[in-house]
Structures are given as structure tokens and as C-alpha cells.
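> Hey, dropping model38.cif in here, mmCIF, C-alpha atoms:
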```cif
data_input
loop_
_atom_site.label_atom_id
_atom_site.label_comp_id
_atom_site.auth_asym_id
_atom_site.auth_seq_id
_atom_site.Cartn_x
_atom_site.Cartn_y
_atom_site.Cartn_z
CA MET A 16 0.00 0.00 0.00
CA MET A 17 2.77 2.47 0.95
CA ARG A 18 4.47 1.86 -2.42
CA ILE A 19 1.25 2.65 -4.27
CA VAL A 20 0.65 5.80 -2.21
CA LEU A 21 4.19 7.03 -2.89
CA ALA A 22 3.85 6.40 -6.61
CA LEU A 23 0.56 8.28 -6.73
CA LEU A 24 2.04 11.17 -4.75
CA PHE A 25 4.99 11.43 -7.13
CA ALA A 26 2.60 11.32 -10.06
CA LEU A 27 0.47 14.16 -8.70
CA ILE A 28 3.52 16.32 -8.05
CA ALA A 29 5.62 15.50 -11.10
CA GLY A 30 3.08 14.53 -13.75
CA PRO A 31 2.34 17.94 -15.32
CA ALA A 32 5.99 18.99 -15.32
CA MET A 33 7.13 15.78 -16.95
CA ALA A 34 4.64 15.78 -19.80
CA GLN A 35 6.94 17.57 -22.26
CA LEU A 36 10.18 15.68 -21.58
CA SER A 37 12.40 15.15 -24.62
CA THR A 38 16.10 14.64 -23.95
CA SER A 39 18.39 13.33 -26.68
CA PRO A 40 20.72 10.35 -26.12
CA GLY A 41 23.69 12.70 -26.55
CA GLU A 42 22.44 14.99 -23.80
CA VAL A 43 21.83 12.00 -21.55
CA MET A 44 25.34 10.66 -21.98
CA ARG A 45 26.91 14.08 -21.43
CA GLY A 46 24.86 14.37 -18.27
CA ALA A 47 25.94 10.91 -17.10
CA VAL A 48 29.63 11.55 -17.71
CA ASN A 49 30.00 15.19 -16.71
CA ASN A 50 27.41 15.41 -13.94
CA PHE A 51 28.08 12.12 -12.20
CA ILE A 52 30.81 9.78 -13.44
CA ARG A 53 33.72 12.19 -13.68
CA PRO A 54 33.01 13.98 -10.37
CA ALA A 55 32.38 10.70 -8.54
CA MET A 56 35.58 9.17 -9.91
CA THR A 57 37.51 12.25 -8.79
CA ASP A 58 35.93 12.01 -5.34
CA PHE A 59 36.96 8.35 -5.09
CA GLY A 60 40.50 9.24 -6.14
CA GLY A 61 40.75 11.90 -3.46
CA LYS A 62 39.36 9.63 -0.75
CA ALA A 63 41.74 6.81 -1.75
CA ASP A 64 44.74 9.18 -1.63
CA ALA A 65 43.64 10.33 1.84
CA LEU A 66 43.40 6.70 2.97
CA SER A 67 46.95 6.01 1.80
CA THR A 68 48.18 9.06 3.69
CA ALA A 69 46.31 8.05 6.86
CA VAL A 70 47.74 4.51 6.82
CA ALA A 71 51.25 5.88 6.24
CA GLN A 72 50.82 8.12 9.28
CA LEU A 73 49.67 5.14 11.36
CA CYS A 74 52.69 3.11 10.33
CA THR A 75 55.03 5.98 11.18
CA THR A 76 53.35 6.77 14.52
CA PRO A 77 51.22 3.87 15.81
CA SER A 78 48.46 5.17 18.09
CA GLN A 79 44.77 4.80 18.73
CA ALA A 80 44.17 8.29 17.36
CA ASN A 81 45.89 7.46 14.08
CA LEU A 82 44.09 4.11 13.90
CA SER A 83 40.78 5.93 14.32
CA ALA A 84 41.77 8.28 11.49
CA VAL A 85 42.42 5.24 9.30
CA ASP A 86 38.98 3.85 10.21
CA THR A 87 37.37 7.06 8.97
CA ALA A 88 39.47 7.16 5.81
CA PHE A 89 38.70 3.51 5.05
CA ALA A 90 34.96 4.09 5.36
CA ASN A 91 35.15 7.21 3.18
CA THR A 92 37.08 5.35 0.49
CA ALA A 93 34.90 2.24 0.50
CA LEU A 94 31.70 4.25 0.27
CA ALA A 95 33.09 6.54 -2.44
CA PHE A 96 33.91 3.42 -4.42
CA GLY A 97 30.45 2.03 -3.66
CA ARG A 98 28.90 4.98 -5.46
CA ILE A 99 30.79 4.20 -8.68
CA GLU A 100 31.10 0.44 -8.37
CA ALA A 101 28.41 -0.19 -10.97
CA ILE A 102 30.33 1.77 -13.65
CA ARG A 103 31.78 -1.43 -15.05
CA VAL A 104 32.77 -0.07 -18.42
CA GLY A 105 36.02 1.19 -19.89
CA PRO A 106 39.15 1.48 -17.73
CA ILE A 107 37.85 -0.36 -14.65
CA MET A 108 37.39 -3.49 -16.77
CA GLU A 109 41.02 -3.39 -17.91
CA GLU A 110 44.10 -4.75 -16.07
CA ASN A 111 41.88 -6.46 -13.46
CA ARG A 112 41.18 -3.08 -11.88
CA ALA A 113 37.70 -4.03 -10.65
CA GLU A 114 39.00 -7.11 -8.83
CA ARG A 115 42.09 -5.30 -7.57
CA LEU A 116 39.81 -2.75 -5.93
CA LEU A 117 37.21 -5.13 -4.53
CA PHE A 118 37.48 -8.90 -4.76
CA TRP A 119 33.84 -9.80 -4.19
CA PRO A 120 31.84 -11.98 -4.03
CA ASP A 121 34.34 -14.35 -2.43
CA ARG A 122 32.20 -17.45 -1.99
CA LYS A 123 35.14 -19.73 -1.15
CA GLY A 124 36.86 -17.36 1.24
CA ILE A 125 39.91 -17.10 -1.01
CA ALA A 126 40.82 -13.57 0.05
CA LEU A 127 40.59 -14.39 3.75
CA LYS A 128 42.88 -17.41 3.44
CA GLN A 129 45.46 -15.59 1.33
CA VAL A 130 45.51 -12.47 3.50
CA GLN A 131 45.88 -14.57 6.65
CA ALA A 132 48.77 -16.45 5.00
CA ILE A 133 50.57 -13.18 4.22
CA LEU A 134 50.11 -11.95 7.78
CA SER A 135 51.18 -15.26 9.28
CA SER A 136 54.32 -15.62 7.14
CA GLN A 137 55.08 -11.88 7.18
CA ASP A 138 55.75 -11.99 3.46
CA GLU A 139 57.75 -8.80 2.84
CA SER A 140 56.97 -8.90 -0.87
CA ALA A 141 53.42 -7.90 0.09
CA THR A 142 54.59 -4.63 1.62
CA SER A 143 55.30 -2.82 -1.65
CA PRO A 144 52.52 -1.89 -4.10
CA GLU A 145 54.82 -2.85 -6.98
CA THR A 146 55.42 -6.42 -5.79
CA LEU A 147 51.93 -6.74 -4.33
CA ARG A 148 50.54 -6.19 -7.82
CA SER A 149 52.09 -9.47 -8.99
CA LYS A 150 50.15 -11.40 -6.37
CA SER A 151 46.54 -12.57 -6.38
CA VAL A 152 43.98 -9.81 -6.86
CA ALA A 153 42.33 -11.16 -3.71
CA VAL A 154 45.07 -9.67 -1.50
CA GLN A 155 45.27 -6.22 -3.11
CA GLY A 156 41.96 -4.46 -2.54
CA LEU A 157 39.45 -3.16 -0.05
CA THR A 158 38.32 -6.57 1.18
CA ALA A 159 41.92 -7.48 2.01
CA LEU A 160 42.48 -4.13 3.68
CA GLU A 161 39.32 -4.56 5.74
CA PHE A 162 40.72 -7.74 7.29
CA VAL A 163 44.05 -6.04 7.98
CA LEU A 164 42.23 -3.21 9.76
CA TYR A 165 39.43 -5.14 11.47
CA GLY A 166 40.26 -8.85 11.38
CA THR A 167 41.84 -11.03 14.05
CA GLY A 168 44.89 -9.31 15.57
CA PHE A 169 44.08 -5.82 14.26
CA GLU A 170 44.64 -4.37 17.75
CA ALA A 171 48.39 -4.59 17.16
CA LEU A 172 48.12 -1.81 14.59
CA ASN A 173 48.28 0.90 17.25
CA THR A 174 51.52 -0.51 18.66
CA ALA A 175 54.99 -1.28 17.34
CA ASP A 176 54.05 -4.99 17.28
CA GLY A 177 51.81 -4.32 14.30
CA ALA A 178 54.60 -2.99 12.07
CA PHE A 179 54.39 -5.71 9.42
CA ARG A 180 50.61 -5.69 9.39
CA CYS A 181 50.67 -1.93 8.92
CA ARG A 182 53.22 -2.07 6.10
CA TYR A 183 51.07 -4.61 4.29
CA GLY A 184 48.00 -2.44 4.86
CA LEU A 185 49.88 0.55 3.50
CA ALA A 186 50.81 -1.35 0.34
CA ILE A 187 47.14 -2.21 -0.17
CA ALA A 188 46.06 1.38 0.43
CA GLN A 189 48.69 2.63 -2.02
CA SER A 190 47.56 0.05 -4.58
CA VAL A 191 43.94 1.17 -4.22
CA ALA A 192 45.02 4.81 -4.57
CA ASN A 193 47.06 3.99 -7.67
CA VAL A 194 44.11 2.27 -9.33
CA ALA A 195 41.80 5.11 -8.35
CA ASP A 196 44.19 7.66 -9.85
CA GLU A 197 44.33 5.61 -13.06
CA LEU A 198 40.53 5.68 -13.27
CA VAL A 199 40.40 9.43 -12.72
CA ALA A 200 42.99 9.99 -15.45
CA ALA A 201 41.24 7.66 -17.89
CA TRP A 202 37.83 9.23 -17.40
CA ASN A 203 39.23 12.75 -17.78
CA ALA A 204 41.27 11.96 -20.90
CA GLU A 205 40.08 13.92 -23.93
CA ASP A 206 40.16 10.92 -26.24
CA GLY A 207 39.16 8.12 -23.84
CA ILE A 208 36.05 6.34 -22.65
CA ALA A 209 34.20 9.58 -21.89
CA LEU A 210 34.47 10.74 -25.50
CA HIS A 211 33.31 7.34 -26.78
CA LEU A 212 30.19 7.51 -24.60
CA MET A 213 29.38 11.16 -25.26
CA LYS A 214 30.27 11.21 -28.96
CA PRO A 215 29.98 7.68 -30.36
CA ASP A 216 31.49 7.08 -33.78
CA ALA A 217 31.22 4.33 -36.36
CA THR A 218 35.01 3.91 -36.23
CA PHE A 219 34.98 3.04 -32.51
CA THR A 220 35.04 -0.58 -31.46
CA ASP A 221 32.93 -0.02 -28.34
CA PHE A 222 30.25 2.63 -28.91
CA ARG A 223 29.43 3.31 -32.54
CA THR A 224 26.04 5.00 -32.13
CA PRO A 225 24.22 7.10 -29.49
CA VAL A 226 21.82 4.21 -29.03
CA GLU A 227 24.67 1.84 -28.10
CA ALA A 228 25.98 4.35 -25.58
CA GLN A 229 22.58 4.81 -24.00
CA GLU A 230 22.10 1.04 -23.85
CA GLU A 231 25.32 0.89 -21.85
CA LEU A 232 23.96 3.44 -19.39
CA VAL A 233 20.70 1.57 -18.87
CA GLY A 234 22.70 -1.63 -18.52
CA ILE A 235 24.84 -0.04 -15.80
CA LEU A 236 21.71 0.97 -13.91
CA SER A 237 19.94 -2.35 -14.36
CA HIS A 238 22.89 -4.60 -13.61
CA GLY A 239 23.99 -2.37 -10.73
CA ILE A 240 20.63 -2.78 -9.03
CA GLU A 241 20.82 -6.52 -9.66
CA ALA A 242 24.26 -6.66 -8.04
CA VAL A 243 23.00 -4.92 -4.88
CA ARG A 244 20.31 -7.55 -4.56
CA ASP A 245 22.35 -10.62 -5.47
CA THR A 246 25.81 -9.87 -4.08
CA ARG A 247 25.12 -7.43 -1.24
CA LEU A 248 21.89 -8.55 0.39
CA ASN A 249 20.51 -11.95 -0.63
CA PRO A 250 23.62 -13.99 0.28
CA PHE A 251 23.28 -13.26 4.01
CA LEU A 252 19.55 -12.70 4.55
CA ALA A 253 17.33 -15.40 6.06
CA LYS A 254 15.36 -17.43 3.52
CA GLY A 255 12.49 -19.58 4.71
CA ALA A 256 13.80 -21.96 7.37
CA ALA A 257 17.41 -20.98 6.63
CA ALA A 258 18.81 -18.55 9.19
CA ALA A 259 20.56 -15.32 8.29
CA LYS A 260 24.32 -15.58 7.76
CA PRO A 261 25.70 -12.09 8.47
CA LYS A 262 29.32 -13.23 8.19
CA LEU A 263 28.71 -13.81 4.49
CA ALA A 264 28.09 -10.08 4.10
CA LEU A 265 30.59 -7.72 2.56
CA PHE A 266 32.42 -5.57 5.15
CA TRP A 267 30.71 -7.07 8.21
CA ARG A 268 33.87 -6.65 10.27
CA SER A 269 33.99 -2.89 9.72
CA GLY A 270 30.25 -2.38 10.11
CA LEU A 271 29.97 -1.09 6.54
CA THR A 272 27.65 -3.74 5.08
CA VAL A 273 24.53 -1.58 5.04
CA PRO A 274 26.34 1.72 4.35
CA MET A 275 27.99 0.07 1.33
CA ALA A 276 24.62 -1.13 -0.01
CA ARG A 277 23.29 2.39 0.49
CA ALA A 278 26.30 3.85 -1.35
CA ASN A 279 25.64 1.47 -4.25
CA ILE A 280 21.98 2.48 -4.46
CA ASP A 281 22.66 6.19 -3.91
CA GLY A 282 25.24 6.13 -6.69
CA LEU A 283 22.83 4.46 -9.07
CA GLN A 284 20.09 6.94 -8.23
CA ALA A 285 22.47 9.85 -8.70
CA LEU A 286 23.54 8.47 -12.08
CA TYR A 287 19.90 8.04 -13.08
CA ASP A 288 18.91 11.53 -11.91
CA LEU A 289 21.96 13.46 -13.11
CA SER A 290 22.04 11.83 -16.53
CA GLY A 291 18.53 13.09 -17.24
CA ILE A 292 17.71 9.80 -18.90
CA ASP A 293 14.11 10.03 -17.79
CA GLY A 294 13.81 13.06 -20.06
CA GLY A 295 13.87 10.77 -23.07
CA VAL A 296 10.77 8.84 -22.01
CA PRO A 297 7.82 9.40 -24.39
CA ALA A 298 5.00 11.63 -23.16
CA ASP A 299 2.63 8.68 -22.84
CA ARG A 300 5.03 6.86 -20.48
CA THR A 301 5.77 9.60 -17.94
CA ALA A 302 4.37 7.49 -15.10
CA LEU A 303 7.47 5.30 -15.47
CA PRO A 304 10.05 7.82 -14.16
CA VAL A 305 7.63 8.54 -11.31
CA ALA A 306 7.54 4.85 -10.40
CA ILE A 307 11.33 4.58 -10.60
CA SER A 308 11.77 7.56 -8.27
CA ALA A 309 9.24 6.04 -5.87
CA GLU A 310 11.15 2.74 -5.69
CA PHE A 311 14.45 4.51 -5.05
CA ALA A 312 12.63 6.36 -2.24
CA GLN A 313 11.34 3.04 -0.90
CA ALA A 314 14.85 1.58 -0.79
CA ASP A 315 16.21 4.69 0.90
CA ALA A 316 13.43 4.72 3.52
CA ALA A 317 13.97 1.03 4.28
CA LEU A 318 17.72 1.51 4.70
CA ASP A 319 17.03 4.32 7.17
CA LEU A 320 15.43 1.71 9.44
CA VAL A 321 18.57 -0.45 9.58
CA THR A 322 20.53 1.27 12.32
CA ASP A 323 22.59 -1.60 13.80
CA PRO A 324 25.60 -3.54 12.45
CA VAL A 325 24.48 -6.36 10.20
CA GLU A 326 24.97 -9.10 12.80
CA THR A 327 22.51 -7.35 15.13
CA ALA A 328 20.20 -6.07 12.40
CA VAL A 329 19.38 -9.51 10.98
CA ALA A 330 18.36 -10.69 14.48
CA ASP A 331 15.91 -7.81 14.93
CA PRO A 332 12.55 -8.47 13.20
CA ALA A 333 11.99 -4.84 12.25
CA GLN A 334 15.45 -4.35 10.76
CA ALA A 335 15.39 -7.75 9.05
CA GLN A 336 12.09 -6.78 7.44
CA ALA A 337 13.59 -3.47 6.35
CA LEU A 338 16.42 -5.32 4.62
CA ALA A 339 13.86 -7.55 2.93
CA ASP A 340 12.03 -4.41 1.82
CA VAL A 341 15.24 -3.16 0.20
CA VAL A 342 15.43 -6.42 -1.74
CA THR A 343 11.83 -5.93 -2.88
CA ALA A 344 12.62 -2.39 -4.00
CA THR A 345 15.62 -3.61 -6.01
CA GLN A 346 13.46 -6.26 -7.63
CA GLN A 347 10.96 -3.62 -8.67
CA LEU A 348 13.71 -1.32 -9.91
CA GLY A 349 15.17 -4.16 -11.94
CA VAL A 350 11.90 -4.53 -13.81
CA LEU A 351 11.24 -0.80 -14.11
CA ILE A 352 14.72 0.04 -15.42
CA GLY A 353 15.95 -3.14 -17.08
CA GLU A 354 12.69 -3.90 -18.86
CA GLN A 355 10.28 -0.96 -18.92
CA LEU A 356 12.72 1.95 -19.21
CA SER A 357 14.80 0.21 -21.87
CA SER A 358 11.59 -0.58 -23.79
CA ALA A 359 10.29 2.97 -23.48
CA LEU A 360 13.57 4.32 -24.86
CA GLY A 361 13.68 1.73 -27.65
CA LEU A 362 16.81 0.08 -26.27
CA SER A 363 18.04 -3.47 -25.87
CA VAL A 364 19.84 -4.21 -22.62
CA GLY A 365 21.85 -7.42 -22.48
CA PHE A 366 22.33 -9.92 -19.70
CA SER A 367 24.38 -9.10 -16.66
CA SER A 368 27.57 -10.96 -15.93
CA LEU A 369 25.78 -12.09 -12.77
CA ASP A 370 23.40 -14.14 -14.89
CA GLY A 371 26.15 -16.44 -16.05
CA ASP A 372 25.20 -15.84 -19.69
#
```
The structure given in the file should be rewritten as C-alpha cells.


Amino acid sequence: MMRIVLALLFALIAGPAMAQLSTSPGEVMRGAVNNFIRPAMTDFGGKADALSTAVAQLCTTPSQANLSAVDTAFANTALAFGRIEAIRVGPIMEENRAERLLFWPDRKGIALKQVQAILSSQDESATSPETLRSKSVAVQGLTALEFVLYGTGFEALNTADGAFRCRYGLAIAQSVANVADELVAAWNAEDGIALHLMKPDATFTDFRTPVEAQEELVGILSHGIEAVRDTRLNPFLAKGAAAAKPKLALFWRSGLTVPMARANIDGLQALYDLSGIDGGVPADRTALPVAISAEFAQADAALDLVTDPVETAVADPAQAQALADVVTATQQLGVLIGEQLSSALGLSVGFSSLDGD
């Protein structure tokens, strides 16, 4: 009932103003790149650089104050990445950058085992970003750094006894910052991925027409919503007689499971809004953008109700229901964006890599 009421409210408010929408694919892609992707990539780069600096300071002067500063910097970096994580096109798909930033899902616990092995053996080759890069992607990114900062034995980080652990954490932070800087440079290059999306050309191998570019954008939105549902929430939520498994959640040690899901959804909503893609919906389909906005609002409202760390939240009926409501909202958004929006715009959106097709 609440979802219907919200949709009707949005329709009453927005309906008359949206009747004359007519935004070209070129305008949409310029909006996506210049209004969201480039600024968000730059923000991630700055947060990652600040994280590297904070970890370096901790290694130089171990203390609780410096460890707390690293905690803040880690959260800022992870959530900044969460906002752009769905932009799986162009430079992030090259040189294993996506996996080097965040190795997830990790269904077999590969990252945990490999990170623990490095810490146990005190492998010095893991303390330089140059030599770390030659190792498994599972030990180079934010999931690996989370265990260093919050996993068993992390307390040593604010003492001299944690010197090796800190040096390894610094190498990871520097690696993440390096990748982030590469993404910023690639997205700001005059002749790179941004140009291909904003000004497609028949000579390009990726985006030859405005329609292909816009299909990529809708795919990012659709598959990004799908990823929130299938890799962030469903793996740990209770299902029928099966109990919740919060330790299967991303970033449960740092308490960032729910904030990361929110960052994912907020980033997708910002991309949707700032691209102006709803302006290309035909006049007879203007109820569709209203419904999409209502579902984003539903997801946001449900996330507001999850106030505890994930281990506590899944044991509380009200918060567990709120998480289930987020899943429902992502299911609705998947249909509204992946099927109805793409159809309204005359686009064809392919399968996600999560489908296994």
C-alpha cells in the first residue's frame, strides 16, 4: 500500500511537469559523464589518496588516534567506491582493476585465506605496491584491507608490534590509490572512454552510435541494481527456514555492510537523476520515471530503518524486514529500469555478468 501511495504522490507532483520531456541520447550521456561519473571518480581518487596518507601516518606513529583516522578514511574510500562500483565499463574493466579494488563476491573465502597467510608468514613482498601487484587480486583491494584493519589481531596496529601488518595495509592502500588515480585519469582523458560515450562514432570498437551508448547506461543501472540484490543482500539474509548468515556479508567486520549497499543504491540513483535519462521517455510513459523515483525512495526509507551492524540487524525483526524491503525495491527497480525503461527508450539491454550468460 505504501508503495502505491508514494507512486501516486509522485505522479500528482511530477506529472504535469514531466509531460513535455524530450532529452536526446547525446544529452543524456553528457549528463551521465559530466554530472556524475567524472566527479564521482575524482571524489573516489581523493578519498583513496587520503586513505593512503592516513595509513602511512599510522605506520610511522602507531596510536589509537591514528588508527581511528584510518577507520574514517577507510569508510570514506569504501563508500566513495560504492557509489561508482556499478560503472563497469572502460578502464575499470582493464588490467583487473575491478577485482584489484574489490574482490567480491568471495564465496570460497579465497581472500581471507590468502591475507591470513601473508600476515602469518610476514611476506615482505606484500609490503610494496609494486610487488603486491604481482600477487593474487584477492590480497590487493578493499576486502583485504578490511581484514588487515578489522580482522583477528588488528589491535596490534596501534603498537609497534603491528609494524608488518601496517606495512602490508599501506601497500594495499597505495595500490587502491594507484588504481583510483588511473581511473580518474582515464575518465578525464580527452580521447578516452568519456568521449566514446558522449560522442559515439562508427570507427569506434565499443560505442558506434548514441543508441549503443545509452544502452550501456541503462545496462549499468539495471545490472547495478541486480548486483546490490544478489551480491550485497541476498547472500546473508534469512530465507524460509534458513537462518541469516551475516558473516557472508561484505564488510561485516567494519560495520559497513549496510552503508555500502546504500552507497551502491545512492550512486545508481544519482547516475539516473543526473544523466537526465528520464527526459527521453515518451509523453505517454511519464508514469514510469515517477515509479522509478518512488522505488528509489522506498529503498532509501527502508535503509534508514537499519541502524545496527548487520549481525545485530538480521536478528531484529523490524530491521530484518527493512532489509527484505530493500530487496523488494531492487526487484521492482530491476523490472522498471531493465525492462520498462529500456523498452520505453527503444533500447536493448543485455544480460548481466551475474546471470552467467

> Enter the distance from atom CA of A:Ala257 to atom CA of A:Ala339, in Å, rounded to one decimal.

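Going from atom CA of A:Ala257 over to atom CA of A:Ala339 covers 14.4 Å.
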
> Give me the stretch 108-155 of chain A side of the contact with stretch 241-247 of chain A, cut-off 10 Å, one line per residue showing its nearest atom pair and distance in Å at one decimal, counting only C-alpha atoms, sorted by chain and residue number, as a Markdown table.


```
| residue | atom | partner | partner_atom | distance |
| --- | --- | --- | --- | --- |
| A:Trp119 | CA | A:Thr246 | CA | 8.0 |
| A:Pro120 | CA | A:Thr246 | CA | 6.4 |
| A:Asp121 | CA | A:Thr246 | CA | 9.8 |
```

> Find the residue from A:Ser78, A:Gln131, A:Ser149, A:Thr68 that sits nearest to A:Asn111; use only C-alpha atoms when measuring.

A:Ser149

> Just to confirm, what's the straight-line distance from atom CA of A:Val48 to atom CA of A:Gln155 in Å (one decimal)?

27.8 Å

> Rounded to one decimal, what separation in Å do you get between atom CA of A:Gly270 and atom CA of A:Ser136?

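Taking atom CA of A:Gly270 as the start and atom CA of A:Ser136 as the end point, the length is 27.6 Å.
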
> Would you kindly translate the PyMOL selection byres ((chain A and resi 41) around 10) into the concrete residues it picks from this file, as a VMD selection string?

chain A and resid 38 to 40 42 to 47 212 to 215 224 to 226 228 to 229

> Point out the residue among A:Gly60, A:Phe266, A:Leu198, A:Ala192 with the least atom-to-atom distance to A:Ile107, counting all atoms listed in the file.

A:Leu198

> Could you tell me which of A:Asn173, A:Thr220, A:Thr76, A:Ser67 comes closest to A:Ala186 if we count all atoms listed in the file?

A:Ser67

> Given the file shown, enumerate the residues that the PyMOL selection byres ((chain A and resi 96) around 10) captures and present them as a ChimeraX atom specification.

/A:55-56,58-60,62-63,90-95,97-101,116-117,157,195,275,278-279,282
